[in-house]
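A.B. asks: Take this structure, written in C-alpha cells, and hold onto it; I'll ask about it next.
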Amino acid sequence: MLFPLSQGYNTITETAMDQRQPLFTWKYFALSGLIATALLAFILTACNEDGLAHIDNTATMQPVLSEYQIFEGKPSALNPAAGFHLYELSTELFSDYAEKQRLVKVPSGQRLTPRQDDLPDFPDGTILVKTFYYYHDKRDTSKGRQLIETRLEIKSGDRWNVGTYLWNPAQTDARLVTSGLNKTVNWIDEHGIGKVISYHVPSNHECGTCHSSNDVIIPIGPKLRNLNTDVSRDGAVVNQLAYFQQQGVLGDVDPAQITALPRWQDTTYGLQDRARAYLDMNCAHCHRRGGFEDGDRLRLGYDTPLSDTGISGQRDNIIDQLSEGRMPLIGTSMVHGEALELIRSYIKSL
Amino acid sequence: MKYYFLLLILMLPMAAMAQDTTRVRRFTGLVLAFIPQYSYRSLHYDADSRWLESMRDNEMPNTGIKARAQVRYRINDRIALLSGVEYANLGIKTRFEDLQWISEADNLPQKSRTIYRYKFLALPLHINYILTARDNLRVYAGGGVTTSVFLSRKTKVDLRDDHHASAKTVGFAKFSWSATIGAGLEYMVGQRFSIRAEPFIEHYFNSIVTDDHIREYLFSFGLSTGVFWAFKG
C-alpha cells in the first residue's frame, strides 16, 4: 500500500522526532558551520591558482625543432651545428634517469657575463637547448637511444621564452608541445634491469614550477659554480669556464675564484658537499627566496649556511618526501634511490 | 558559471533555515555510503595541441571509489538535504601496450599500462526528492553539487607482475566543482535503519588541469550504496 506522502520523510522514527525543541541547538550550529564552509570555498575560488608562474612567451616558438637548425646531419645523432656549444653540469637535475645533452648558443659577438658563481647574465638571443633521451641498453650504448624531448629556452626582449619539443617515433624531428603528456618509456639500465616509466613531458605551464623566480622565468642549471668543472674537449681535459672564455662564449672570469659545485657522485668530496650539491641542483630552485616553495622556510642553495637552511628542523620530513616520491614536485615518477641514500646519510650525520 | 552554482549551494541551506519556524527536528539521521564507480575524462585541446588527441586514443575508463558521510536535513515530507564529507578517487587508465626491447635481459616486462588516480576530499550537498513510497520502500530522485579539494594525482605503471607509482600535486586545480544526478531506492530494515542504492552520474564542470592549452573534465557513473541511520528521537 502506498503510504501518504506526508510520511515521506516522516516515517515512524522521524515522526517521533517531530517534537518542539530550542531553535539554537548544536544542529543549528552544524548547519551554520556548513554554510560557513561553503562560503569559505566560495572565497577560496578567487584563490584557485596553482601557484605556478604564467608563461607568456614574447617570441613565437617554431612549430618544429628543425626550424632552429640546432643539429647538423642526422638529427637523432644530436651533432651540434656551428654556434651551439656543448656544456656539462657538475651535478644534474634528476629526471627519471634520463640522459641529457645541453647546448648553449650566444649571439655572434656577445658573451655571457659572469655574476659571481651564480647564473651569468645572458645576452638577448641566447638559446639554451636540453635534449632528454634514454639509451636502449645502457650496458651497451652502441645499441642506440630513444630521444624523448628537447626543451628550448630563448632569451628575447629580456625575457626567457620556453618551448618543449616531442620527438617523433622516427626520430627525424620534434614537434612543439604546449600541453603536457605522459609517454611510456622503457630501457635496460646498467645492471641489466628492464625499466618502464610513464615519462611526463611538461606543459609550458608546468615549466614555471621549477623555472620561476619571483614569477620570472629563469634557467636553473648553468650557474657558474655548476659549470666550473673539468670537461673533455677536442681530446683534452680542460676547465669548462676556461674553455668557454677561449671560445668567446663567456666574459672574463678566473675559474679559481668561482666556487666549484661537487659532482654529487664523486666520493672524493665529503658527505656534506655532495649532499648539498645535490640539494642545490634538485631542490633549491623551488626551496629558496622567490621560488615555488618560498613559504616553507627551507633554503637549499649550496651557498646557504647550514644554520639558515632549515634542514635540521625538517630532517624526517625531507626523507619522507624524497622516499615517497612526493619530491621533487614535478619531473620524476620514480625515487632516485642512490641520491636518497646520500641525503639520508647526510641528514643522519647532522 | 561556477559562481552561480556556488551561490546556489549557499542559498539552499539558507532557504532551509529561513523556513525553520516550526522548530521541528530536521536533522533526521546519518547516511554512510560506499560508492564504486567508473570514471573517465573528456579532453578539450586548443588548435595547437589538437594533434595530441591521437596519442591518447588508448585511454579508457577505470574503476574508482567514493566514501561519504552525510547528515540528512529534512525540509518537508518530500524533500531532504544531505551534506557532509566525502573522499573521492577517480581513475582513468591506458590499455596494455607491448613493450619493445632492443637487447635481451632477464625478466624484461612484456606489457605495461598506466593508471592515473585523482584523489579529492569533498563537501557534497545533495537534495533527495521522494517520488513515491510504498510500505518500507521509498523511491527518490537525487541531485546536487560537490566542492572538491584536490589532494593528488597518482600515476601507477602496471607491468602485470610488478608496478610502481608516484603522486604529484602540481599543475592541477586546487578546487573543483561537480554536479551529480541520480535516482535510488531506500528500504527500511528496522526502526532506525534503511539501506540505500542509487545509480548516479557525476560531471565536473571545471578543468582539473590548469594547463593553458588543454581542458580536462572528469566524469563518473556508478552505484551509491549505503545505509541510513536515524537519530534517536
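Please note that chains go A, B, ... in the order of the C-alpha cells, that every chain numbers its residues from 1, and that ligands are numbered from 1 in the order shown.
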Just the residues within 7 Å of Arg102 of chain A, please, counting only C-alpha atoms, with nothing from its chain fewer than 3 positions along; format it as a list in words.
C.D. replies: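 Final neighbour list, sorted by chain and number: Leu86, Tyr87, Glu88, Val129, Lys130 and Thr131 of chain A.
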A.B. asks: Print the selection's residues with N, CA, C and O atoms to a file, as a PDB file, in the first residue's frame.
C.D. replies:
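Written output follows (selection-v8.pdb):
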ATOM      1  N   LEU A  86      78.398  22.654 -26.539  1.00  0.00           N
ATOM      2  CA  LEU A  86      78.030  21.672 -25.526  1.00  0.00           C
ATOM      3  C   LEU A  86      78.428  22.185 -24.146  1.00  0.00           C
ATOM      4  O   LEU A  86      79.497  22.784 -23.993  1.00  0.00           O
ATOM      5  N   TYR A  87      77.566  22.012 -23.164  1.00  0.00           N
ATOM      6  CA  TYR A  87      78.014  22.285 -21.801  1.00  0.00           C
ATOM      7  C   TYR A  87      77.552  21.172 -20.869  1.00  0.00           C
ATOM      8  O   TYR A  87      76.578  20.466 -21.146  1.00  0.00           O
ATOM      9  N   GLU A  88      78.319  21.010 -19.812  1.00  0.00           N
ATOM     10  CA  GLU A  88      78.029  19.945 -18.855  1.00  0.00           C
ATOM     11  C   GLU A  88      77.918  20.541 -17.462  1.00  0.00           C
ATOM     12  O   GLU A  88      78.528  21.568 -17.173  1.00  0.00           O
ATOM     13  N   VAL A 129      69.534  24.737 -24.969  1.00  0.00           N
ATOM     14  CA  VAL A 129      68.892  23.547 -25.534  1.00  0.00           C
ATOM     15  C   VAL A 129      69.180  22.356 -24.630  1.00  0.00           C
ATOM     16  O   VAL A 129      70.336  22.117 -24.270  1.00  0.00           O
ATOM     17  N   LYS A 130      68.133  21.630 -24.280  1.00  0.00           N
ATOM     18  CA  LYS A 130      68.357  20.422 -23.469  1.00  0.00           C
ATOM     19  C   LYS A 130      67.535  19.284 -24.061  1.00  0.00           C
ATOM     20  O   LYS A 130      66.309  19.378 -24.161  1.00  0.00           O
ATOM     21  N   THR A 131      68.244  18.240 -24.467  1.00  0.00           N
ATOM     22  CA  THR A 131      67.571  17.088 -25.072  1.00  0.00           C
ATOM     23  C   THR A 131      67.612  15.898 -24.111  1.00  0.00           C
ATOM     24  O   THR A 131      68.676  15.546 -23.596  1.00  0.00           O
TER      25      THR A 131
END
A.B. asks: Neighbours of Asp162 of chain B within 12 Å (only C-alpha atoms; same-chain residues fewer than 2 positions away dropped), as a PyMOL selection string?
C.D. replies: (chain A and resi 194-196) or (chain B and resi 107-113+156-160+164-165)
A.B. asks: Give me a file of those residues, with all heavy atoms, as a CSV table (one decimal), in the first residue's frame.
C.D. replies:
chain,number,residue,atom,x,y,z
A,194,GLY,N,65.3,-4.2,-16.7
A,194,GLY,CA,64.4,-3.5,-17.6
A,194,GLY,C,63.6,-2.5,-16.8
A,194,GLY,O,63.0,-2.8,-15.7
A,195,LYS,N,63.6,-1.3,-17.2
A,195,LYS,CA,62.9,-0.2,-16.5
A,195,LYS,C,61.7,0.3,-17.4
A,195,LYS,O,61.9,0.4,-18.7
A,195,LYS,CB,63.8,1.0,-16.3
A,195,LYS,CG,65.0,0.7,-15.4
A,195,LYS,CD,64.5,0.6,-13.9
A,195,LYS,CE,65.7,0.6,-13.0
A,195,LYS,NZ,65.3,0.4,-11.6
A,196,VAL,N,60.6,0.5,-16.8
A,196,VAL,CA,59.5,1.1,-17.6
A,196,VAL,C,58.9,2.2,-16.7
A,196,VAL,O,58.6,2.1,-15.6
A,196,VAL,CB,58.3,0.0,-17.8
A,196,VAL,CG1,57.2,0.6,-18.7
A,196,VAL,CG2,58.9,-1.2,-18.4
B,107,ASN,N,64.0,-11.3,-17.1
B,107,ASN,CA,62.8,-10.8,-16.6
B,107,ASN,C,62.3,-9.4,-17.1
B,107,ASN,O,61.9,-8.5,-16.4
B,107,ASN,CB,62.9,-10.6,-15.0
B,107,ASN,CG,63.2,-12.0,-14.4
B,107,ASN,OD1,62.7,-13.0,-14.8
B,107,ASN,ND2,64.2,-12.0,-13.5
B,108,LEU,N,62.5,-9.3,-18.4
B,108,LEU,CA,62.0,-8.0,-19.0
B,108,LEU,C,60.5,-8.0,-19.1
B,108,LEU,O,59.9,-9.0,-19.6
B,108,LEU,CB,62.6,-7.8,-20.4
B,108,LEU,CG,64.1,-7.6,-20.5
B,108,LEU,CD1,64.6,-7.4,-21.9
B,108,LEU,CD2,64.5,-6.3,-19.7
B,109,PRO,N,59.8,-7.0,-18.6
B,109,PRO,CA,58.4,-7.0,-18.7
B,109,PRO,C,57.9,-6.8,-20.2
B,109,PRO,O,58.6,-6.2,-21.0
B,109,PRO,CB,57.9,-5.7,-17.9
B,109,PRO,CG,59.2,-4.9,-17.8
B,109,PRO,CD,60.3,-5.8,-17.9
B,110,GLN,N,56.9,-7.5,-20.5
B,110,GLN,CA,56.4,-7.5,-21.9
B,110,GLN,C,55.3,-6.5,-22.2
B,110,GLN,O,55.1,-6.1,-23.3
B,110,GLN,CB,56.0,-8.9,-22.3
B,110,GLN,CG,57.1,-10.0,-22.2
B,110,GLN,CD,58.4,-9.5,-23.0
B,110,GLN,OE1,58.3,-9.2,-24.2
B,110,GLN,NE2,59.5,-9.5,-22.4
B,111,LYS,N,54.5,-6.2,-21.2
B,111,LYS,CA,53.4,-5.3,-21.4
B,111,LYS,C,53.4,-4.3,-20.3
B,111,LYS,O,53.8,-4.6,-19.1
B,111,LYS,CB,52.1,-6.0,-21.4
B,111,LYS,CG,51.9,-6.9,-22.7
B,111,LYS,CD,50.6,-7.6,-22.7
B,111,LYS,CE,50.3,-8.4,-23.9
B,111,LYS,NZ,50.2,-7.6,-25.1
B,112,SER,N,52.8,-3.1,-20.6
B,112,SER,CA,52.6,-2.2,-19.5
B,112,SER,C,51.4,-1.3,-19.8
B,112,SER,O,50.9,-1.2,-20.9
B,112,SER,CB,53.8,-1.3,-19.3
B,112,SER,OG,53.8,-0.2,-20.2
B,113,ARG,N,50.8,-0.8,-18.7
B,113,ARG,CA,49.8,0.2,-18.9
B,113,ARG,C,50.0,1.2,-17.7
B,113,ARG,O,50.7,1.0,-16.8
B,113,ARG,CB,48.4,-0.4,-18.8
B,113,ARG,CG,48.1,-1.0,-17.4
B,113,ARG,CD,46.6,-1.5,-17.4
B,113,ARG,NE,46.4,-2.1,-16.1
B,113,ARG,CZ,45.3,-2.7,-15.7
B,113,ARG,NH1,44.3,-2.7,-16.6
B,113,ARG,NH2,45.1,-3.3,-14.6
B,156,LYS,N,50.4,5.3,-11.8
B,156,LYS,CA,50.9,3.9,-11.5
B,156,LYS,C,51.2,3.2,-12.8
B,156,LYS,O,50.4,3.2,-13.7
B,156,LYS,CB,49.8,3.2,-10.7
B,156,LYS,CG,50.2,1.7,-10.4
B,156,LYS,CD,49.0,1.1,-9.7
B,156,LYS,CE,49.2,-0.4,-9.5
B,156,LYS,NZ,48.1,-1.1,-8.9
B,157,VAL,N,52.4,2.7,-12.9
B,157,VAL,CA,52.8,1.9,-14.1
B,157,VAL,C,52.6,0.5,-13.7
B,157,VAL,O,53.2,-0.1,-12.8
B,157,VAL,CB,54.3,2.2,-14.5
B,157,VAL,CG1,54.7,1.3,-15.6
B,157,VAL,CG2,54.5,3.7,-14.9
B,158,ASP,N,51.7,-0.2,-14.4
B,158,ASP,CA,51.3,-1.6,-14.1
B,158,ASP,C,52.0,-2.5,-15.1
B,158,ASP,O,51.7,-2.4,-16.3
B,158,ASP,CB,49.8,-1.7,-14.2
B,158,ASP,CG,49.3,-3.1,-13.9
B,158,ASP,OD1,50.1,-3.9,-13.5
B,158,ASP,OD2,48.1,-3.3,-14.1
B,159,LEU,N,52.9,-3.4,-14.7
B,159,LEU,CA,53.6,-4.3,-15.5
B,159,LEU,C,53.1,-5.7,-15.4
B,159,LEU,O,53.8,-6.7,-15.7
B,159,LEU,CB,55.1,-4.2,-15.2
B,159,LEU,CG,55.7,-2.8,-15.2
B,159,LEU,CD1,57.2,-2.9,-14.7
B,159,LEU,CD2,55.7,-2.3,-16.6
B,160,ARG,N,51.9,-5.8,-15.0
B,160,ARG,CA,51.2,-7.1,-14.7
B,160,ARG,C,51.8,-7.8,-13.5
B,160,ARG,O,51.1,-8.0,-12.5
B,160,ARG,CB,51.3,-8.1,-15.9
B,160,ARG,CG,50.3,-7.7,-17.0
B,160,ARG,CD,50.0,-8.8,-18.0
B,160,ARG,NE,48.8,-8.6,-18.7
B,160,ARG,CZ,48.7,-9.0,-20.0
B,160,ARG,NH1,49.6,-9.8,-20.5
B,160,ARG,NH2,47.5,-8.8,-20.6
B,164,HIS,N,55.0,0.3,-10.1
B,164,HIS,CA,55.5,1.3,-9.2
B,164,HIS,C,54.6,2.6,-9.5
B,164,HIS,O,53.9,2.7,-10.5
B,164,HIS,CB,57.0,1.6,-9.5
B,164,HIS,CG,57.3,2.0,-10.9
B,164,HIS,ND1,57.2,3.3,-11.3
B,164,HIS,CD2,57.7,1.3,-12.0
B,164,HIS,CE1,57.5,3.4,-12.6
B,164,HIS,NE2,57.8,2.2,-13.0
B,165,ALA,N,54.6,3.5,-8.5
B,165,ALA,CA,53.7,4.6,-8.6
B,165,ALA,C,54.3,5.8,-8.0
B,165,ALA,O,55.3,5.8,-7.2
B,165,ALA,CB,52.4,4.3,-7.8
A.B. asks: Mind pulling up the distance from atom CA of Glu72 of chain A to atom CA of Leu224 of chain A?
C.D. replies: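 Those two atoms sit 27.8 Å apart.
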A.B. asks: Could you check the closest approach to chain A for each of B:Ala167, B:Ala183, B:Met60, B:Ala88 and tell me which residue wins, using only C-alpha atoms?
C.D. replies: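 The answer is B:Ala167, which sits nearest to chain A.
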A.B. asks: Under the rule that only C-alpha atoms are counted, which of B:Leu30, B:Leu131, B:Leu82, B:Ile181 is the nearest residue to Gly222 of chain B?
C.D. replies: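 Once distances to Gly222 of chain B are computed over only C-alpha atoms, the minimum belongs to B:Ile181.
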A.B. asks: For Glu104 of chain B, please output as a ChimeraX atom specification all residues within 12 Å (counting only C-alpha atoms; exclusion window: fewer than 5 positions along the same chain).
C.D. replies: /A:136-137,139-140,143,187-189,192-194 /B:109-110
A.B. asks: Export C-alpha atoms of the chosen residues as a PDB file, in the first residue's frame?
C.D. replies:
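result.pdb written:
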ATOM      1  CA  HIS A 136      68.014   1.384 -25.268  1.00  0.00           C
ATOM      2  CA  ASP A 137      70.561  -0.617 -23.294  1.00  0.00           C
ATOM      3  CA  ARG A 139      75.195  -1.656 -20.792  1.00  0.00           C
ATOM      4  CA  ASP A 140      75.914  -1.131 -24.481  1.00  0.00           C
ATOM      5  CA  LYS A 143      72.682  -0.128 -29.496  1.00  0.00           C
ATOM      6  CA  TRP A 187      65.118   0.858 -21.315  1.00  0.00           C
ATOM      7  CA  ILE A 188      67.618  -1.557 -19.838  1.00  0.00           C
ATOM      8  CA  ASP A 189      69.753   0.019 -17.140  1.00  0.00           C
ATOM      9  CA  GLY A 192      70.622  -5.241 -16.946  1.00  0.00           C
ATOM     10  CA  ILE A 193      67.280  -4.476 -15.342  1.00  0.00           C
ATOM     11  CA  GLY A 194      64.358  -3.536 -17.551  1.00  0.00           C
TER      12      GLY A 194
ATOM     13  CA  PRO B 109      58.351  -6.962 -18.720  1.00  0.00           C
ATOM     14  CA  GLN B 110      56.428  -7.511 -21.925  1.00  0.00           C
TER      15      GLN B 110
END
A.B. asks: If you run DSSP over the backbone, which residues in segment 159-270 of chain A end up strand (DSSP E or B)? Put them as a count of residues only.
C.D. replies: 42
A.B. asks: Extract, using only C-alpha atoms, all DNA, RNA and protein residues at most 7 Å from His126 of chain B, discarding same-chain residues fewer than 3 positions from it, and format them as a VMD selection string.
C.D. replies: chain B and resid 81 to 83 142 to 145
A.B. asks: Kindly give the distance, in Å, that separates atom CA of Ser108 of chain A and atom CA of Asp124 of chain A, rounded to a single decimal.
C.D. replies: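 We find that atom CA of Ser108 of chain A and atom CA of Asp124 of chain A lie 11.0 Å from each other.
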